[in-house]
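Okay, target_38.tsv now, which holds TSV, C-alpha atoms:
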```tsv
chain	number	residue	atom	x	y	z
A	17	MET	CA	18.88	6.90	5.99
A	18	SER	CA	19.43	3.37	4.70
A	19	LEU	CA	23.03	2.98	3.53
A	20	LEU	CA	21.79	1.23	0.39
A	21	PHE	CA	19.96	4.45	-0.50
A	22	SER	CA	22.73	6.87	0.38
A	23	PRO	CA	24.68	8.61	-2.42
A	24	LEU	CA	28.13	7.59	-3.60
A	25	HIS	CA	30.56	9.52	-5.78
A	26	LEU	CA	32.45	7.61	-8.46
A	27	PRO	CA	35.59	9.58	-9.35
A	28	SER	CA	36.99	10.14	-12.82
A	29	PRO	CA	39.36	12.57	-14.57
A	30	ARG	CA	36.43	14.59	-15.88
A	31	GLY	CA	34.83	14.94	-12.46
A	32	GLY	CA	33.03	11.68	-11.87
A	33	VAL	CA	29.43	10.73	-11.29
A	34	THR	CA	27.42	10.90	-8.07
A	35	LEU	CA	25.05	7.96	-7.76
A	36	PRO	CA	21.88	8.55	-5.72
A	37	ASN	CA	22.00	5.02	-4.25
A	38	ARG	CA	24.29	1.98	-4.12
A	39	ILE	CA	22.34	-0.35	-6.44
A	40	VAL	CA	24.00	-1.30	-9.74
A	41	VAL	CA	22.55	-3.54	-12.45
A	42	ALA	CA	25.30	-5.96	-13.44
A	43	PRO	CA	25.95	-6.72	-17.14
A	44	MET	CA	23.85	-9.63	-18.39
A	45	CYS	CA	24.27	-11.05	-21.89
A	46	GLN	CA	21.04	-11.16	-23.90
A	47	TYR	CA	22.30	-12.86	-27.11
A	48	GLN	CA	19.84	-10.88	-29.23
A	49	ALA	CA	22.11	-8.71	-31.40
A	50	GLN	CA	22.28	-9.06	-35.19
A	51	GLN	CA	25.81	-8.73	-36.58
A	52	GLY	CA	26.73	-7.08	-33.28
A	53	CYS	CA	24.00	-4.44	-33.60
A	54	ALA	CA	21.56	-3.54	-30.83
A	55	ASN	CA	17.88	-3.71	-31.75
A	56	ASP	CA	14.37	-3.45	-30.31
A	57	TRP	CA	15.07	-6.19	-27.76
A	58	HIS	CA	17.76	-3.98	-26.23
A	59	LEU	CA	15.44	-0.97	-26.25
A	60	MET	CA	12.86	-2.93	-24.27
A	61	HIS	CA	15.44	-4.56	-21.99
A	62	TRP	CA	17.33	-1.37	-21.18
A	63	GLY	CA	14.09	0.53	-20.74
A	64	GLN	CA	13.08	-1.92	-18.01
A	65	LEU	CA	16.44	-1.79	-16.27
A	66	LEU	CA	16.61	2.01	-16.39
A	67	ASN	CA	13.23	2.07	-14.66
A	68	SER	CA	14.35	-0.37	-11.94
A	69	GLY	CA	15.39	2.18	-9.32
A	70	ALA	CA	19.08	1.27	-9.69
A	71	ALA	CA	21.55	4.14	-9.68
A	72	MET	CA	23.58	2.69	-12.56
A	73	VAL	CA	22.81	0.15	-15.28
A	74	THR	CA	25.65	-1.79	-16.93
A	75	ILE	CA	25.16	-2.81	-20.54
A	76	GLU	CA	26.09	-6.41	-21.25
A	77	ALA	CA	29.48	-7.62	-22.49
A	78	THR	CA	30.06	-5.66	-25.70
A	79	ALA	CA	32.70	-7.12	-27.98
A	80	VAL	CA	35.42	-4.88	-29.33
A	81	LEU	CA	35.93	-7.16	-32.37
A	82	PRO	CA	33.61	-9.60	-34.19
A	83	GLU	CA	35.78	-12.54	-33.10
A	84	GLY	CA	35.63	-11.22	-29.55
A	85	ARG	CA	31.95	-12.14	-29.21
A	86	ILE	CA	30.89	-15.02	-26.98
A	87	THR	CA	28.23	-16.03	-29.51
A	88	PRO	CA	27.28	-14.86	-33.02
A	89	HIS	CA	24.38	-13.02	-31.33
A	90	CYS	CA	26.39	-10.90	-28.89
A	91	LEU	CA	26.45	-7.12	-28.81
A	92	GLY	CA	29.40	-5.33	-30.38
A	93	LEU	CA	31.04	-1.93	-30.72
A	94	TRP	CA	33.68	-2.28	-33.44
A	95	ASP	CA	32.50	-0.17	-36.40
A	96	ASP	CA	30.17	2.62	-37.42
A	97	ALA	CA	27.17	0.31	-37.82
A	98	THR	CA	27.43	-1.19	-34.33
A	99	GLU	CA	28.06	2.26	-32.86
A	100	ALA	CA	25.03	3.76	-34.60
A	101	ALA	CA	22.73	0.96	-33.48
A	102	LEU	CA	23.87	1.04	-29.88
A	103	THR	CA	23.74	4.84	-29.77
A	104	ASP	CA	20.19	4.95	-31.15
A	105	GLN	CA	18.71	2.23	-28.93
A	106	LEU	CA	20.37	3.60	-25.81
A	107	ARG	CA	19.23	7.16	-26.56
A	108	ARG	CA	15.66	5.97	-26.95
A	109	ALA	CA	15.77	3.82	-23.81
A	110	ARG	CA	17.16	6.65	-21.70
A	111	ALA	CA	14.40	8.96	-22.91
A	112	LEU	CA	11.84	6.56	-21.41
A	113	ALA	CA	13.30	6.50	-17.89
A	114	PRO	CA	14.48	8.74	-15.07
A	115	ALA	CA	18.06	10.03	-15.36
A	116	THR	CA	20.24	7.00	-14.63
A	117	ALA	CA	23.97	6.48	-15.03
A	118	VAL	CA	24.93	4.02	-17.78
A	119	CYS	CA	28.05	1.87	-17.76
A	120	LEU	CA	29.18	-0.11	-20.81
A	121	GLN	CA	31.14	-3.33	-20.36
A	122	LEU	CA	33.80	-3.80	-23.06
A	123	ALA	CA	34.93	-7.36	-23.64
A	124	HIS	CA	36.74	-9.93	-25.74
A	125	ALA	CA	35.77	-13.56	-25.23
A	126	GLY	CA	39.07	-15.08	-26.34
A	127	ARG	CA	38.96	-18.88	-26.33
A	128	LYS	CA	35.39	-18.84	-24.94
A	129	GLY	CA	34.09	-17.20	-28.10
A	130	SER	CA	32.33	-18.86	-31.06
A	131	SER	CA	29.78	-20.46	-28.73
A	132	ALA	CA	26.15	-21.41	-29.17
A	133	VAL	CA	23.67	-19.39	-27.12
A	134	PRO	CA	22.97	-20.87	-23.66
A	135	TRP	CA	19.52	-22.26	-24.55
A	136	GLN	CA	21.16	-24.17	-27.40
A	137	GLY	CA	23.79	-25.74	-25.16
A	138	GLY	CA	26.59	-23.16	-25.23
A	139	ARG	CA	28.99	-25.50	-27.05
A	140	LEU	CA	31.80	-24.39	-29.34
A	141	LEU	CA	30.46	-23.77	-32.86
A	142	SER	CA	32.15	-24.93	-36.03
A	143	ALA	CA	32.67	-22.64	-39.00
A	144	ALA	CA	29.79	-24.39	-40.78
A	145	GLU	CA	27.54	-23.45	-37.86
A	146	GLY	CA	28.56	-19.79	-37.98
A	147	GLY	CA	31.50	-20.06	-35.61
A	148	TRP	CA	35.13	-19.04	-35.98
A	149	LEU	CA	38.60	-20.01	-34.82
A	150	THR	CA	39.03	-18.54	-31.37
A	151	VAL	CA	42.18	-16.94	-29.97
A	152	GLY	CA	43.84	-16.97	-26.57
A	153	PRO	CA	47.12	-16.33	-24.80
A	154	SER	CA	48.08	-19.97	-25.44
A	155	ALA	CA	46.81	-22.77	-27.66
A	156	LEU	CA	44.89	-24.34	-24.77
A	157	PRO	CA	41.17	-25.09	-25.18
A	158	HIS	CA	38.63	-24.25	-22.50
A	159	LEU	CA	37.35	-27.84	-22.56
A	160	PRO	CA	39.67	-30.76	-23.38
A	161	ASN	CA	37.59	-31.95	-26.37
A	162	GLU	CA	37.41	-28.51	-28.03
A	163	THR	CA	39.49	-27.17	-30.90
A	164	PRO	CA	42.39	-25.23	-29.33
A	165	PRO	CA	42.44	-21.47	-29.86
A	166	ARG	CA	45.12	-19.81	-31.93
A	167	SER	CA	47.86	-18.46	-29.69
A	168	LEU	CA	48.04	-14.68	-30.05
A	169	GLU	CA	51.21	-13.18	-31.50
A	170	LEU	CA	52.54	-9.77	-30.49
A	171	PRO	CA	50.91	-7.95	-33.46
A	172	ASP	CA	47.61	-9.56	-32.45
A	173	LEU	CA	47.94	-8.17	-28.94
A	174	ALA	CA	48.47	-4.68	-30.30
A	175	HIS	CA	45.44	-5.08	-32.57
A	176	ILE	CA	43.18	-6.16	-29.69
A	177	ARG	CA	44.51	-3.43	-27.41
A	178	ASP	CA	43.79	-0.84	-30.09
A	179	ALA	CA	40.29	-2.31	-30.59
A	180	PHE	CA	39.53	-1.74	-26.91
A	181	ALA	CA	40.75	1.85	-27.26
A	182	SER	CA	38.66	2.40	-30.40
A	183	ALA	CA	35.54	1.03	-28.67
A	184	ALA	CA	36.22	3.39	-25.75
A	185	ARG	CA	36.27	6.33	-28.18
A	186	ARG	CA	32.95	5.22	-29.57
A	187	ALA	CA	31.54	4.82	-26.06
A	188	ARG	CA	32.64	8.36	-25.23
A	189	ARG	CA	30.77	9.65	-28.29
A	190	MET	CA	27.69	7.72	-27.16
A	191	GLY	CA	27.68	9.60	-23.88
A	192	VAL	CA	27.97	6.69	-21.46
A	193	ASP	CA	28.96	7.64	-17.92
A	194	ALA	CA	31.29	4.71	-17.24
A	195	ILE	CA	33.15	1.84	-18.87
A	196	GLU	CA	33.83	-1.51	-17.26
A	197	LEU	CA	36.54	-3.73	-18.76
A	198	HIS	CA	35.62	-7.41	-18.56
A	199	GLY	CA	38.53	-9.12	-16.84
A	200	ALA	CA	36.45	-11.93	-15.33
A	201	HIS	CA	34.64	-15.21	-16.05
A	202	GLY	CA	37.31	-16.81	-18.19
A	203	TYR	CA	37.22	-14.31	-21.06
A	204	LEU	CA	40.35	-12.98	-22.76
A	205	LEU	CA	41.70	-10.57	-20.14
A	206	HIS	CA	41.12	-13.15	-17.43
A	207	GLN	CA	42.78	-15.77	-19.63
A	208	PHE	CA	45.98	-13.72	-19.63
A	209	LEU	CA	45.89	-13.47	-15.83
A	210	SER	CA	45.33	-17.14	-15.13
A	211	PRO	CA	48.16	-19.70	-15.43
A	212	LEU	CA	45.47	-22.22	-16.37
A	213	ALA	CA	44.97	-20.45	-19.71
A	214	ASN	CA	48.26	-18.56	-20.07
A	215	GLN	CA	51.35	-20.71	-20.53
A	216	ARG	CA	53.29	-18.26	-22.67
A	217	HIS	CA	57.08	-17.98	-22.49
A	218	ASP	CA	57.40	-14.34	-23.50
A	219	ALA	CA	56.83	-11.03	-21.68
A	220	TYR	CA	53.10	-11.82	-21.35
A	221	GLY	CA	53.36	-15.15	-19.52
A	222	GLY	CA	54.98	-16.88	-16.59
A	223	THR	CA	55.42	-14.47	-13.71
A	224	LEU	CA	52.59	-12.49	-12.15
A	225	GLU	CA	54.09	-9.30	-13.55
A	226	ASN	CA	54.05	-10.76	-17.05
A	227	ARG	CA	50.53	-12.20	-16.78
A	228	MET	CA	49.21	-8.79	-15.67
A	229	ARG	CA	50.96	-6.97	-18.50
A	230	PHE	CA	48.29	-7.24	-21.20
A	231	VAL	CA	45.46	-6.26	-18.84
A	232	LEU	CA	47.38	-3.18	-17.74
A	233	GLU	CA	48.22	-2.26	-21.35
A	234	VAL	CA	44.57	-2.53	-22.38
A	235	PHE	CA	43.50	-0.50	-19.36
A	236	THR	CA	46.05	2.22	-20.12
A	237	ALA	CA	44.95	2.41	-23.77
A	238	VAL	CA	41.29	2.76	-22.75
A	239	ARG	CA	42.08	5.31	-20.06
A	240	ALA	CA	43.83	7.45	-22.69
A	241	GLU	CA	40.61	7.54	-24.74
A	242	PHE	CA	37.99	7.77	-22.00
A	243	ASP	CA	38.04	10.32	-19.19
A	244	GLY	CA	34.79	9.14	-17.59
A	245	VAL	CA	34.47	6.59	-14.80
A	246	LEU	CA	36.56	3.54	-15.69
A	247	GLY	CA	36.66	0.25	-13.81
A	248	VAL	CA	37.36	-3.44	-14.17
A	249	ARG	CA	35.30	-6.54	-13.48
A	250	LEU	CA	37.62	-9.13	-12.03
A	251	SER	CA	37.42	-12.81	-11.16
A	252	ALA	CA	39.16	-12.73	-7.78
A	253	SER	CA	39.73	-16.49	-7.81
A	254	ASP	CA	39.73	-19.33	-10.32
A	255	TRP	CA	38.52	-21.65	-7.55
A	256	VAL	CA	41.29	-24.06	-8.61
A	257	GLU	CA	44.30	-24.86	-6.44
A	258	GLY	CA	47.49	-23.14	-7.64
A	259	ALA	CA	45.74	-20.89	-10.16
A	260	TRP	CA	44.65	-17.23	-10.10
A	261	ASP	CA	43.71	-16.29	-6.55
A	262	LEU	CA	42.82	-13.48	-4.17
A	263	ALA	CA	46.43	-12.57	-3.33
A	264	GLN	CA	47.25	-12.03	-7.01
A	265	SER	CA	43.98	-10.14	-7.49
A	266	GLU	CA	44.94	-7.74	-4.71
A	267	VAL	CA	48.27	-7.02	-6.43
A	268	LEU	CA	46.53	-6.41	-9.75
A	269	CYS	CA	43.99	-4.06	-8.16
A	270	GLN	CA	46.74	-2.01	-6.56
A	271	ARG	CA	48.44	-1.73	-9.95
A	272	LEU	CA	45.17	-0.80	-11.65
A	273	LYS	CA	44.60	1.94	-9.09
A	274	SER	CA	48.01	3.41	-9.90
A	275	HIS	CA	47.00	3.42	-13.58
A	276	GLY	CA	43.83	5.43	-12.90
A	277	CYS	CA	41.21	2.77	-12.19
A	278	ASP	CA	38.09	4.16	-10.50
A	279	PHE	CA	36.30	1.01	-9.30
A	280	ILE	CA	36.59	-2.79	-9.09
A	281	HIS	CA	33.63	-5.11	-9.66
A	282	VAL	CA	34.53	-8.33	-7.82
A	283	SER	CA	33.32	-11.66	-9.21
A	284	SER	CA	35.04	-15.05	-9.52
A	285	GLY	CA	35.51	-18.20	-11.57
A	286	GLY	CA	34.82	-19.01	-15.20
A	287	VAL	CA	38.22	-19.91	-16.58
A	288	SER	CA	38.24	-23.65	-15.90
A	289	PRO	CA	35.75	-26.54	-15.78
A	290	LEU	CA	37.79	-27.81	-12.80
A	291	GLN	CA	36.58	-24.95	-10.59
A	292	LYS	CA	35.04	-25.91	-7.27
A	293	ILE	CA	32.91	-22.95	-6.21
A	294	ALA	CA	31.55	-22.80	-2.67
A	295	LEU	CA	28.13	-21.45	-3.64
A	296	GLY	CA	25.99	-19.70	-1.06
A	297	ALA	CA	24.32	-16.38	-0.37
A	298	GLY	CA	26.87	-13.61	-0.93
A	299	TYR	CA	29.61	-16.17	-1.60
A	300	GLN	CA	31.86	-13.63	-3.37
A	301	VAL	CA	31.52	-10.88	-0.76
A	302	PRO	CA	34.69	-11.91	1.15
A	303	PHE	CA	36.69	-11.27	-2.04
A	304	ALA	CA	35.17	-7.79	-2.35
A	305	ARG	CA	35.91	-7.06	1.30
A	306	ALA	CA	39.59	-8.04	0.94
A	307	ILE	CA	40.10	-6.09	-2.28
A	308	ARG	CA	38.37	-3.01	-0.88
A	309	ALA	CA	40.62	-3.11	2.17
A	310	SER	CA	43.86	-3.60	0.26
A	311	SER	CA	43.21	-1.27	-2.69
A	312	GLY	CA	41.14	1.53	-1.17
A	313	MET	CA	39.11	1.67	-4.39
A	314	VAL	CA	35.35	1.84	-4.75
A	315	THR	CA	34.38	-1.84	-4.77
A	316	THR	CA	31.27	-3.60	-6.05
A	317	ALA	CA	30.02	-6.86	-4.54
A	318	VAL	CA	28.00	-9.29	-6.66
A	319	GLY	CA	26.78	-12.88	-6.58
A	320	LEU	CA	23.66	-14.36	-4.93
A	321	ILE	CA	22.74	-11.06	-3.32
A	322	THR	CA	18.96	-11.15	-3.57
A	323	GLU	CA	17.35	-9.44	-0.56
A	324	PRO	CA	17.40	-5.75	0.45
A	325	GLN	CA	18.41	-6.48	4.05
A	326	GLN	CA	21.26	-8.67	2.78
A	327	ALA	CA	22.53	-5.84	0.56
A	328	GLN	CA	22.21	-3.36	3.41
A	329	ALA	CA	24.19	-5.64	5.76
A	330	ILE	CA	27.06	-5.96	3.26
A	331	LEU	CA	27.37	-2.19	3.06
A	332	GLN	CA	27.04	-1.70	6.82
A	333	ALA	CA	29.84	-4.21	7.42
A	334	GLY	CA	32.14	-2.24	5.11
A	335	ASP	CA	32.48	-5.20	2.76
A	336	ALA	CA	31.72	-3.16	-0.38
A	337	ASP	CA	30.61	0.26	-1.61
A	338	LEU	CA	28.12	-0.86	-4.26
A	339	ILE	CA	25.80	-3.83	-4.66
A	340	ALA	CA	25.38	-5.35	-8.12
A	341	LEU	CA	22.34	-7.40	-9.07
A	342	ALA	CA	22.02	-9.61	-12.13
A	343	ARG	CA	19.51	-12.47	-12.25
A	344	ALA	CA	17.60	-11.02	-9.30
A	345	VAL	CA	16.74	-7.89	-11.27
A	346	LEU	CA	15.85	-9.87	-14.39
A	347	TYR	CA	13.34	-11.78	-12.30
A	348	GLN	CA	12.13	-8.68	-10.47
A	349	PRO	CA	12.78	-5.59	-12.62
A	350	ARG	CA	11.45	-3.32	-9.85
A	351	TRP	CA	13.83	-4.67	-7.20
A	352	GLY	CA	14.98	-1.14	-6.38
A	353	TRP	CA	11.41	-0.01	-5.72
A	354	GLN	CA	10.78	-2.88	-3.34
A	355	ALA	CA	14.08	-2.31	-1.56
A	356	ALA	CA	13.26	1.37	-1.11
A	357	ALA	CA	9.89	0.50	0.42
A	358	GLU	CA	11.44	-2.08	2.74
A	359	LEU	CA	14.41	0.02	3.89
A	360	GLY	CA	12.80	3.45	3.95
A	361	GLY	CA	14.72	4.79	0.95
A	362	THR	CA	13.55	6.60	-2.15
A	363	VAL	CA	14.12	6.04	-5.86
A	364	ALA	CA	13.31	8.03	-8.97
A	365	ALA	CA	10.42	6.72	-11.04
A	366	SER	CA	8.82	7.85	-14.28
A	367	PRO	CA	5.63	9.91	-13.59
A	368	PRO	CA	3.29	7.44	-15.35
A	369	TYR	CA	4.22	4.94	-12.62
A	370	TRP	CA	3.70	7.27	-9.64
A	371	ARG	CA	0.18	5.96	-8.99
A	372	CYS	CA	1.22	2.32	-8.73
A	373	LEU	CA	2.60	2.16	-5.19
A	374	PRO	CA	0.66	0.13	-2.62
A	375	ARG	CA	-0.34	1.88	0.60
A	376	GLN	CA	2.61	0.49	2.60
A	377	ALA	CA	5.11	1.81	0.02
A	378	GLN	CA	3.75	5.33	-0.56
A	379	ALA	CA	7.08	7.02	0.31
A	380	ALA	CA	9.26	4.97	-2.06
A	381	PHE	CA	9.19	7.62	-4.81
A	382	GLY	CA	9.75	10.53	-2.46
A	383	ASN	CA	7.52	13.60	-2.44
A	384	VAL	CA	5.38	12.98	-5.52
A	385	SER	CA	1.67	13.46	-6.02
A	386	THR	CA	-0.94	12.80	-8.69
A	387	ALA	CA	-4.49	13.94	-9.34
A	388	GLN	CA	-7.18	12.66	-11.64
A	389	ARG	CA	-10.69	13.77	-12.67
```

Written as structure tokens, how would this file's structure read?
Amino acid sequence: MSLLFSPLHLPSPRGGVTLPNRIVVAPMCQYQAQQGCANDWHLMHWGQLLNSGAAMVTIEATAVLPEGRITPHCLGLWDDATEAALTDQLRRARALAPATAVCLQLAHAGRKGSSAVPWQGGRLLSAAEGGWLTVGPSALPHLPNETPPRSLELPDLAHIRDAFASAARRARRMGVDAIELHGAHGYLLHQFLSPLANQRHDAYGGTLENRMRFVLEVFTAVRAEFDGVLGVRLSASDWVEGAWDLAQSEVLCQRLKSHGCDFIHVSSGGVSPLQKIALGAGYQVPFARAIRASSGMVTTAVGLITEPQQAQAILQAGDADLIALARAVLYQPRWGWQAAAELGGTVAASPPYWRCLPRQAQAAFGNVSTAQR
């Protein structure tokens, strides 16, 4: 059996989830929500991803507060209206696909919020353009020419922590299988970790222990509300000398494990325009390998993993437990089907699609048959 198509159990306090293969769809922002609410775009988008052959689909960064959105068009889960919309669209999408685990990424953009959508340049929006004053651990802008964020006070930290917990309660009611906290790509939790964004002089800044404090408090608050699979997406390096790095990431992951973390999704970068990323196929895999070895947690590799044999090799080398795909699965929504055909695995597919397989891929859906008259 191909390792990519072997099962994996994700633990959790309520018993965990067994995935039928090691393919995960990574969270990918769509910037199509209205006032934070999911709509028909999400129904179509999730329906495609849930029919991709992946074992688990991760819903895009979902803001726990309106000001926690990256753009005015980002998905949210902060009140009854956003919960109802997300619940309805997800229920309908899941009804149109084989049984597939769903993970929801909870996020707060911090100083990278109030942005234009990518196809409109992604710049910081003014209030007149529908933007808002952003917040961060310190009054340091992401780009030098931007308006600095408001430095968060202690009551603000408690408010944001409680918002994450409230969103986790809503996610539990929605019936999602897993939650991923977004601690990567320069958003708020990552901002607290990185000395490039966090120059506080209180218990939440300075030392590594202090910079980890808010992330661990948010994780603990979410864990208290959600007994399903709970993990963290982490930028393992800022790719800037003297900033957040792999050694600090390993310490954080060990602490997260002791707090009940079930998996780590290993990415990198995003907190500074000074980053110098050594791009290449599987460029973040060494970070996943190191974190997996030091933490002993289920670890997800992501980043320029595009070919089935490449994914298989990462798993065979023991570099990761799961393979996450983002842009590759947007471009080819049936990536899992093609990988199954190439590696001799099987995936679940909706019966209306059973007749579509070419002759060389007849076994990709397992023992299925159709007849017509």

Go through range 32-81 of chain A residue by residue and, counting all atoms listed in the file, keep those with an atom at most 12 Å from range 351-363 of chain A; for each kept residue give the shortest atom pair and its distance in Å to one decimal, ordered by chain and increasing number, as CSV.
```
residue,atom,partner,partner_atom,distance
A:Leu35,CA,A:Val363,CA,11.3
A:Pro36,CA,A:Val363,CA,8.2
A:Asn37,CA,A:Val363,CA,8.1
A:Arg38,CA,A:Gly352,CA,10.1
A:Ile39,CA,A:Gly352,CA,7.4
A:Val40,CA,A:Gly352,CA,9.6
A:Val41,CA,A:Gly352,CA,10.0
A:Gln64,CA,A:Trp351,CA,11.2
A:Leu65,CA,A:Trp351,CA,9.9
A:Leu66,CA,A:Gly352,CA,10.6
A:Asn67,CA,A:Gly352,CA,9.1
A:Ser68,CA,A:Gly352,CA,5.6
A:Gly69,CA,A:Gly352,CA,4.5
A:Ala70,CA,A:Gly352,CA,5.8
A:Ala71,CA,A:Val363,CA,8.6
A:Met72,CA,A:Gly352,CA,11.3
A:Val73,CA,A:Gly352,CA,11.9
```

Problem - Selected residue, from A:Leu212, A:Pro289, A:Leu26, A:Ala113, that lies nearest to Val245 in chain A when counting all atoms listed in the file - result: A:Leu26

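The residue that comes closest to Arg108 in chain A, out of A:Leu120, A:Met60, A:Leu320, A:Cys90 and on the basis of only C-alpha atoms, is A:Met60.
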
Give, as AutoDock Vina command-line options, the centre coordinates and the x, y and z edge lengths in Å to one decimal for an axis-aligned box around all listed atoms of range 256-266 of chain A, padded by 5 Å on each side.
```
--center_x 44.4 --center_y -16.3 --center_z -6.7 --size_x 16.2 --size_y 27.1 --size_z 16.8
```

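For the set A:Asp95, A:Ala42, A:Thr87, A:Ala184, the residue with the smallest atom-to-atom gap to Thr150 in chain A is A:Thr87, counting only C-alpha atoms.
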
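In this structure, CA of Phe21 in chain A sits 14.1 Å away from CA of Glu323 in chain A.
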
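Here CA of His89 in chain A stands at a distance of 7.7 Å from CA of Val133 in chain A.
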
Problem - Atom pair CA of Leu102 in chain A / CA of Cys53 in chain A: separation (Å) - result: 6.6 Å

Problem - Cut-off 12 Å around (48.0, -5.9, -9.0) with all atoms listed in the file: residues as a PyMOL selection string - result: chain A and resi 209+224-229+231-232+250+252+260-275+277+280+307+310-311

Practice task
Pick out the residues sitting within 8 Å of range 166-170 of chain A, and hand them over as a ChimeraX atom specification; count all atoms listed in the file, and ignore anything fewer than 5 positions along from it in its own chain.
Solution key: /A:149-155

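With all atoms listed in the file as the basis for measurement, A:Ala54 is the residue among A:Ala54, A:Ile195, A:Ala327, A:Ala174 that approaches Thr103 in chain A most closely.
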
Handout entry: Polymer residues at most 12 Å from Cys372 in chain A, all atoms listed in the file, same-chain spacing of 3 or more positions, as a VMD selection string
Key = chain A and resid 350 353 365 to 369 375 to 381 384 to 386
